[in-house]
Amino acid sequence: MKMTGENNAGYSEITMDDVKDLIKRKDEIEEQIKAYHDVLEDQRVGVEGPLVDAEGFPRADVNLYQIRTARHSISCLQNDHKAIMEEIEEALHKLHAREKAKRGGDEAGDQGEAMEQQVILPPPFARVDAVTQGSPACGAGLRVGDEIIEFGSVNTENFQNLQNIASVVEHSEGKPLRVSVIRDGQKAQMNLTPQRWSGRGLLGCNIVPIHR
């Protein structure tokens with residue numbers, strides 16, 4: 001990160017090359033996360049799969065050390081990913097605000113905002129196509145058309161199929177899950193608690209995958 005060393009104005013000297021470097025680091029973190037998820041898939045346990053058998057003993061059919069290491073690494077890397085995304089967001093804000101002031105036009109600002117959305121918002125992996133009134137999903141604020149980018153521990157980097165979401169829901173009954181969606185081009189977050197209600201399932205909504 002380029003800093004001028006003059007009071008606190010250094011951040012205003014950030015360049016697009018700095019942003020590109022941050023994005024490169026973000027991509028590297030995402031590749032590492034995917035590699036660890038591949039390890040978990042090879043062991044056929046995923047992020048949420050149990051490591052004990054029906055009698056409560058450690059499973060003998062999987063490499064427990066490898067699985068625990070991969071899960072811990074994913075958790076740490078996801079924190080790193082969140083931090084780098086915040087850095088990118090702040091850097092882009094500074095960059096396009098300065099460009100807008102320099103050019104004195106709204107066009108530069110609009111381009112900067114579009115660039116922010118493109119970089120900051122990951123591609124959605126699923127879409128909500130039905131929400132039942134009175135359901136946990138409805139109460140949490142989920143809407144038809146919401147495009148999901150995070151559902152508990154499931155995100156764009158590790159989503160493979162809807163079974164990933166089903167597994168998280170099954171293991172989170174009565175516990176709030178953070179759900180992030182893209183709605184009208186903007187990111188929206190909510191807490192959704194899977195629980196029994198008068199209808200079917202624990203959510204009361206229908207989710208379909210988005211094929212990229």
# chains A, B, ... in the order shown; residues from 1 in each chain; ligands from 1
>>> residues_around(residues="Ile148 of chain A", least_positions_apart="4", cutoff="7 Å", atoms="only C-alpha atoms", output="PyMOL selection string")
chain A and resi 124-127+180-182
>>> residues_around(residues="Leu192 of chain A", least_positions_apart="2", cutoff="8 Å", atoms="only C-alpha atoms", output="PDB file with N, CA, C and O atoms, in the first residue's frame")
ATOM      1  N   PRO A 136     -40.197 -18.868   8.978  1.00  0.00           N
ATOM      2  CA  PRO A 136     -38.959 -18.269   9.495  1.00  0.00           C
ATOM      3  C   PRO A 136     -38.261 -17.406   8.441  1.00  0.00           C
ATOM      4  O   PRO A 136     -37.727 -16.343   8.763  1.00  0.00           O
ATOM      5  N   ALA A 137     -38.259 -17.857   7.188  1.00  0.00           N
ATOM      6  CA  ALA A 137     -37.624 -17.089   6.121  1.00  0.00           C
ATOM      7  C   ALA A 137     -38.310 -15.746   5.924  1.00  0.00           C
ATOM      8  O   ALA A 137     -37.661 -14.710   5.762  1.00  0.00           O
ATOM      9  N   ALA A 140     -37.514 -13.384   8.743  1.00  0.00           N
ATOM     10  CA  ALA A 140     -36.140 -12.875   8.697  1.00  0.00           C
ATOM     11  C   ALA A 140     -35.970 -11.782   7.651  1.00  0.00           C
ATOM     12  O   ALA A 140     -34.968 -11.068   7.657  1.00  0.00           O
ATOM     13  N   PRO A 176     -29.430 -18.832  15.040  1.00  0.00           N
ATOM     14  CA  PRO A 176     -29.464 -17.858  13.940  1.00  0.00           C
ATOM     15  C   PRO A 176     -28.304 -18.043  12.969  1.00  0.00           C
ATOM     16  O   PRO A 176     -27.161 -18.245  13.371  1.00  0.00           O
ATOM     17  N   LEU A 177     -28.615 -17.984  11.698  1.00  0.00           N
ATOM     18  CA  LEU A 177     -27.620 -18.059  10.639  1.00  0.00           C
ATOM     19  C   LEU A 177     -27.542 -16.709   9.940  1.00  0.00           C
ATOM     20  O   LEU A 177     -28.560 -16.079   9.686  1.00  0.00           O
ATOM     21  N   ARG A 178     -26.333 -16.272   9.643  1.00  0.00           N
ATOM     22  CA  ARG A 178     -26.197 -15.025   8.885  1.00  0.00           C
ATOM     23  C   ARG A 178     -26.373 -15.337   7.403  1.00  0.00           C
ATOM     24  O   ARG A 178     -25.696 -16.211   6.855  1.00  0.00           O
ATOM     25  N   VAL A 179     -27.296 -14.620   6.790  1.00  0.00           N
ATOM     26  CA  VAL A 179     -27.571 -14.803   5.366  1.00  0.00           C
ATOM     27  C   VAL A 179     -27.317 -13.472   4.663  1.00  0.00           C
ATOM     28  O   VAL A 179     -27.840 -12.434   5.080  1.00  0.00           O
ATOM     29  N   MET A 190     -29.160 -10.508   6.828  1.00  0.00           N
ATOM     30  CA  MET A 190     -30.220 -10.797   7.794  1.00  0.00           C
ATOM     31  C   MET A 190     -29.834 -12.027   8.611  1.00  0.00           C
ATOM     32  O   MET A 190     -28.941 -12.787   8.224  1.00  0.00           O
ATOM     33  N   PRO A 194     -33.418 -21.311  11.507  1.00  0.00           N
ATOM     34  CA  PRO A 194     -34.195 -22.492  11.119  1.00  0.00           C
ATOM     35  C   PRO A 194     -34.954 -23.033  12.333  1.00  0.00           C
ATOM     36  O   PRO A 194     -34.361 -23.244  13.398  1.00  0.00           O
TER      37      PRO A 194
END
>>> atom_distance(atom1="atom CA of Asp18 of chain A", atom2="atom CA of Ile33 of chain A")
22.9 Å
>>> residues_around(residues="His72 of chain A", least_positions_apart="4", cutoff="12 Å", atoms="only C-alpha atoms", output="ChimeraX atom specification")
/A:33,36-37,40,47,65-68,76-79
>>> closest_residue(among="A:Gln43, A:Val208, A:Leu64, A:Ile88", to="Leu162 of chain A", atoms="only C-alpha atoms")
A:Val208
>>> select_by_dssp(residues="segment 13-172 of chain A", states="alpha helix (DSSP H)", output="PyMOL selection string")
chain A and resi 16-42+64-103+106-120+136-140+162-170
>>> write_last_selection(atoms="C-alpha atoms", output="short mmCIF file (atom, residue, chain, number, x, y, z; two decimals), in the first residue's frame")
data_model
loop_
_atom_site.label_atom_id
_atom_site.label_comp_id
_atom_site.auth_asym_id
_atom_site.auth_seq_id
_atom_site.Cartn_x
_atom_site.Cartn_y
_atom_site.Cartn_z
CA MET A 16 -5.57 1.43 -9.00
CA ASP A 17 -2.41 -0.71 -8.91
CA ASP A 18 -2.81 -0.90 -5.12
CA VAL A 19 -6.39 -2.05 -5.59
CA LYS A 20 -5.31 -4.65 -8.16
CA ASP A 21 -2.73 -5.97 -5.68
CA LEU A 22 -5.45 -6.32 -3.03
CA ILE A 23 -7.70 -8.13 -5.51
CA LYS A 24 -4.82 -10.47 -6.40
CA ARG A 25 -4.39 -11.29 -2.70
CA LYS A 26 -8.13 -11.87 -2.41
CA ASP A 27 -8.02 -14.30 -5.35
CA GLU A 28 -5.10 -16.16 -3.78
CA ILE A 29 -7.03 -16.55 -0.50
CA GLU A 30 -10.06 -17.85 -2.42
CA GLU A 31 -7.86 -20.40 -4.18
CA GLN A 32 -6.49 -21.58 -0.83
CA ILE A 33 -10.00 -21.91 0.59
CA LYS A 34 -11.07 -23.96 -2.43
CA ALA A 35 -8.03 -26.23 -2.04
CA TYR A 36 -8.94 -27.01 1.58
CA HIS A 37 -12.56 -27.62 0.59
CA ASP A 38 -11.30 -30.10 -2.01
CA VAL A 39 -9.48 -31.91 0.82
CA LEU A 40 -12.73 -32.14 2.79
CA GLU A 41 -14.62 -33.37 -0.25
CA ASP A 42 -11.97 -36.04 -0.84
CA LEU A 64 -9.21 -36.80 11.34
CA TYR A 65 -6.02 -34.75 11.56
CA GLN A 66 -6.25 -33.74 7.90
CA ILE A 67 -9.92 -32.83 8.26
CA ARG A 68 -9.44 -30.76 11.43
CA THR A 69 -6.47 -28.97 9.87
CA ALA A 70 -8.46 -28.18 6.72
CA ARG A 71 -11.47 -26.93 8.67
CA HIS A 72 -9.31 -24.74 10.90
CA SER A 73 -7.46 -23.36 7.90
CA ILE A 74 -10.74 -22.56 6.14
CA SER A 75 -11.98 -20.70 9.20
CA CYS A 76 -8.78 -18.62 9.40
CA LEU A 77 -8.74 -17.94 5.67
CA GLN A 78 -12.37 -16.84 5.69
CA ASN A 79 -11.44 -14.24 8.32
CA ASP A 80 -8.55 -13.14 6.10
CA HIS A 81 -10.95 -12.99 3.15
CA LYS A 82 -13.38 -10.81 5.07
CA ALA A 83 -10.55 -8.45 6.06
CA ILE A 84 -9.19 -8.14 2.52
CA MET A 85 -12.68 -7.44 1.17
CA GLU A 86 -13.03 -4.61 3.65
CA GLU A 87 -9.64 -3.24 2.56
CA ILE A 88 -10.72 -3.38 -1.09
CA GLU A 89 -14.00 -1.66 -0.32
CA GLU A 90 -12.30 1.17 1.57
CA ALA A 91 -9.60 1.58 -1.08
CA LEU A 92 -12.17 1.77 -3.87
CA HIS A 93 -14.20 4.33 -1.96
CA LYS A 94 -11.10 6.51 -1.58
CA LEU A 95 -10.04 6.02 -5.17
CA HIS A 96 -13.30 6.81 -6.90
CA ALA A 97 -14.09 9.69 -4.55
CA ARG A 98 -10.77 11.30 -5.48
CA GLU A 99 -11.33 10.66 -9.19
CA LYS A 100 -14.82 12.12 -8.98
CA ALA A 101 -13.51 15.26 -7.29
CA LYS A 102 -10.66 15.54 -9.80
CA ARG A 103 -12.88 15.25 -12.85
CA ASP A 106 -20.84 12.39 -11.91
CA GLU A 107 -19.70 10.01 -14.62
CA ALA A 108 -16.46 9.21 -12.82
CA GLY A 109 -18.35 8.61 -9.60
CA ASP A 110 -20.84 6.32 -11.32
CA GLN A 111 -18.00 4.30 -12.86
CA GLY A 112 -16.31 4.02 -9.48
CA GLU A 113 -19.49 2.82 -7.82
CA ALA A 114 -20.06 0.25 -10.54
CA MET A 115 -16.47 -0.94 -10.12
CA GLU A 116 -17.01 -1.25 -6.36
CA GLN A 117 -20.10 -3.40 -6.80
CA GLN A 118 -18.31 -5.62 -9.33
CA VAL A 119 -15.32 -6.24 -7.06
CA ILE A 120 -16.96 -6.26 -3.63
CA PRO A 136 -38.96 -18.27 9.50
CA ALA A 137 -37.62 -17.09 6.12
CA CYS A 138 -40.41 -14.53 5.80
CA GLY A 139 -39.87 -13.31 9.36
CA ALA A 140 -36.14 -12.88 8.70
CA LEU A 162 -28.11 -27.41 -2.36
CA GLN A 163 -27.15 -30.23 0.00
CA ASN A 164 -24.56 -27.82 1.45
CA ILE A 165 -27.37 -25.49 2.55
CA ALA A 166 -29.56 -28.37 3.71
CA SER A 167 -26.73 -29.64 5.92
CA VAL A 168 -26.20 -26.23 7.51
CA VAL A 169 -29.94 -25.85 8.16
CA GLU A 170 -30.17 -29.34 9.68
#
>>> select_by_dssp(residues="segment 2-211 of chain A", states="strand (DSSP E)", output="PyMOL selection string")
chain A and resi 126-131+147-151+154-155+177-183+186-192+205-209
>>> residues_around(residues="Thr132 of chain A", least_positions_apart="6", cutoff="12 Å", atoms="only C-alpha atoms", output="list in words")
Cys138, Gly139, Ala140, Gly141, Leu142, Arg143, Val144, Trp197, Ser198, Gly199, Arg200, Gly201, Leu202, Leu203, Gly204, Cys205 and Asn206 of chain A
>>> write_last_selection(atoms="all heavy atoms", output="compact mmCIF listing (two decimals), in the first residue's frame")
# COMPACT_ATOMS: atom_id res chain seq x y z
N CYS A 138 -39.64 -15.76 5.96
CA CYS A 138 -40.41 -14.53 5.80
C CYS A 138 -40.13 -13.58 6.96
O CYS A 138 -39.92 -12.38 6.77
CB CYS A 138 -41.90 -14.85 5.71
SG CYS A 138 -42.97 -13.39 5.51
N GLY A 139 -40.11 -14.12 8.18
CA GLY A 139 -39.87 -13.31 9.36
C GLY A 139 -38.47 -12.69 9.37
O GLY A 139 -38.26 -11.60 9.92
N ALA A 140 -37.51 -13.38 8.74
CA ALA A 140 -36.14 -12.88 8.70
C ALA A 140 -35.97 -11.78 7.65
O ALA A 140 -34.97 -11.07 7.66
CB ALA A 140 -35.17 -14.02 8.42
N GLY A 141 -36.96 -11.68 6.74
CA GLY A 141 -36.87 -10.64 5.71
C GLY A 141 -36.42 -11.12 4.35
O GLY A 141 -36.15 -10.32 3.46
N LEU A 142 -36.33 -12.43 4.18
CA LEU A 142 -35.94 -12.99 2.89
C LEU A 142 -37.05 -12.73 1.88
O LEU A 142 -38.23 -12.86 2.22
CB LEU A 142 -35.67 -14.48 3.04
CG LEU A 142 -34.62 -15.12 2.11
CD1 LEU A 142 -33.27 -14.46 2.29
CD2 LEU A 142 -34.52 -16.61 2.38
N ARG A 143 -36.69 -12.40 0.65
CA ARG A 143 -37.67 -12.08 -0.38
C ARG A 143 -37.44 -12.90 -1.63
O ARG A 143 -36.31 -13.32 -1.92
CB ARG A 143 -37.61 -10.59 -0.75
CG ARG A 143 -37.89 -9.62 0.37
CD ARG A 143 -37.77 -8.20 -0.15
NE ARG A 143 -37.83 -7.21 0.92
CZ ARG A 143 -37.62 -5.91 0.73
NH1 ARG A 143 -37.32 -5.47 -0.49
NH2 ARG A 143 -37.70 -5.06 1.74
N VAL A 144 -38.50 -13.11 -2.39
CA VAL A 144 -38.38 -13.78 -3.68
C VAL A 144 -37.48 -12.93 -4.58
O VAL A 144 -37.64 -11.71 -4.66
CB VAL A 144 -39.76 -13.98 -4.33
CG1 VAL A 144 -39.60 -14.50 -5.76
CG2 VAL A 144 -40.61 -14.92 -3.51
N TRP A 197 -42.20 -24.72 12.39
CA TRP A 197 -43.32 -23.78 12.32
C TRP A 197 -44.52 -24.52 11.76
O TRP A 197 -44.50 -25.73 11.66
CB TRP A 197 -42.93 -22.56 11.45
CG TRP A 197 -42.58 -22.91 10.03
CD1 TRP A 197 -41.52 -23.65 9.60
CD2 TRP A 197 -43.32 -22.57 8.86
NE1 TRP A 197 -41.54 -23.79 8.25
CE2 TRP A 197 -42.63 -23.13 7.75
CE3 TRP A 197 -44.47 -21.84 8.61
CZ2 TRP A 197 -43.07 -22.98 6.44
CZ3 TRP A 197 -44.91 -21.67 7.30
CH2 TRP A 197 -44.23 -22.25 6.24
N SER A 198 -45.58 -23.83 11.41
CA SER A 198 -46.81 -24.51 11.00
C SER A 198 -46.70 -25.16 9.63
O SER A 198 -47.50 -26.03 9.27
CB SER A 198 -48.00 -23.54 10.99
OG SER A 198 -47.73 -22.44 10.13
N GLY A 199 -45.70 -24.74 8.83
CA GLY A 199 -45.55 -25.32 7.50
C GLY A 199 -44.45 -26.37 7.45
O GLY A 199 -43.96 -26.85 8.47
N ARG A 200 -44.07 -26.72 6.23
CA ARG A 200 -43.06 -27.77 6.03
C ARG A 200 -41.65 -27.23 6.18
O ARG A 200 -41.38 -26.06 5.91
CB ARG A 200 -43.22 -28.38 4.64
CG ARG A 200 -44.53 -29.12 4.43
CD ARG A 200 -44.63 -29.63 3.00
NE ARG A 200 -43.47 -30.48 2.64
CZ ARG A 200 -43.23 -30.91 1.41
NH1 ARG A 200 -44.05 -30.57 0.43
NH2 ARG A 200 -42.18 -31.67 1.17
N GLY A 201 -40.76 -28.09 6.61
CA GLY A 201 -39.35 -27.74 6.70
C GLY A 201 -39.05 -26.80 7.85
O GLY A 201 -39.88 -26.53 8.72
N LEU A 202 -37.83 -26.26 7.84
CA LEU A 202 -37.37 -25.37 8.91
C LEU A 202 -37.22 -23.93 8.45
O LEU A 202 -36.96 -23.05 9.27
CB LEU A 202 -36.02 -25.86 9.45
CG LEU A 202 -35.98 -27.26 10.07
CD1 LEU A 202 -34.54 -27.60 10.47
CD2 LEU A 202 -36.88 -27.34 11.30
N LEU A 203 -37.42 -23.69 7.13
CA LEU A 203 -37.21 -22.34 6.61
C LEU A 203 -38.48 -21.71 6.05
O LEU A 203 -38.76 -20.54 6.28
CB LEU A 203 -36.13 -22.36 5.51
CG LEU A 203 -34.72 -22.80 5.91
CD1 LEU A 203 -33.80 -22.74 4.70
CD2 LEU A 203 -34.18 -21.93 7.03
N GLY A 204 -39.21 -22.48 5.25
CA GLY A 204 -40.42 -21.93 4.62
C GLY A 204 -40.09 -21.13 3.37
O GLY A 204 -40.79 -20.15 3.06
N CYS A 205 -39.05 -21.54 2.67
CA CYS A 205 -38.72 -20.89 1.41
C CYS A 205 -38.14 -21.93 0.46
O CYS A 205 -37.76 -23.02 0.89
CB CYS A 205 -37.74 -19.74 1.60
SG CYS A 205 -36.09 -20.25 2.15
N ASN A 206 -38.10 -21.59 -0.81
CA ASN A 206 -37.51 -22.50 -1.79
C ASN A 206 -36.31 -21.82 -2.41
O ASN A 206 -36.37 -20.66 -2.83
CB ASN A 206 -38.53 -22.87 -2.89
CG ASN A 206 -38.02 -24.01 -3.74
OD1 ASN A 206 -37.64 -25.05 -3.23
ND2 ASN A 206 -38.02 -23.83 -5.05
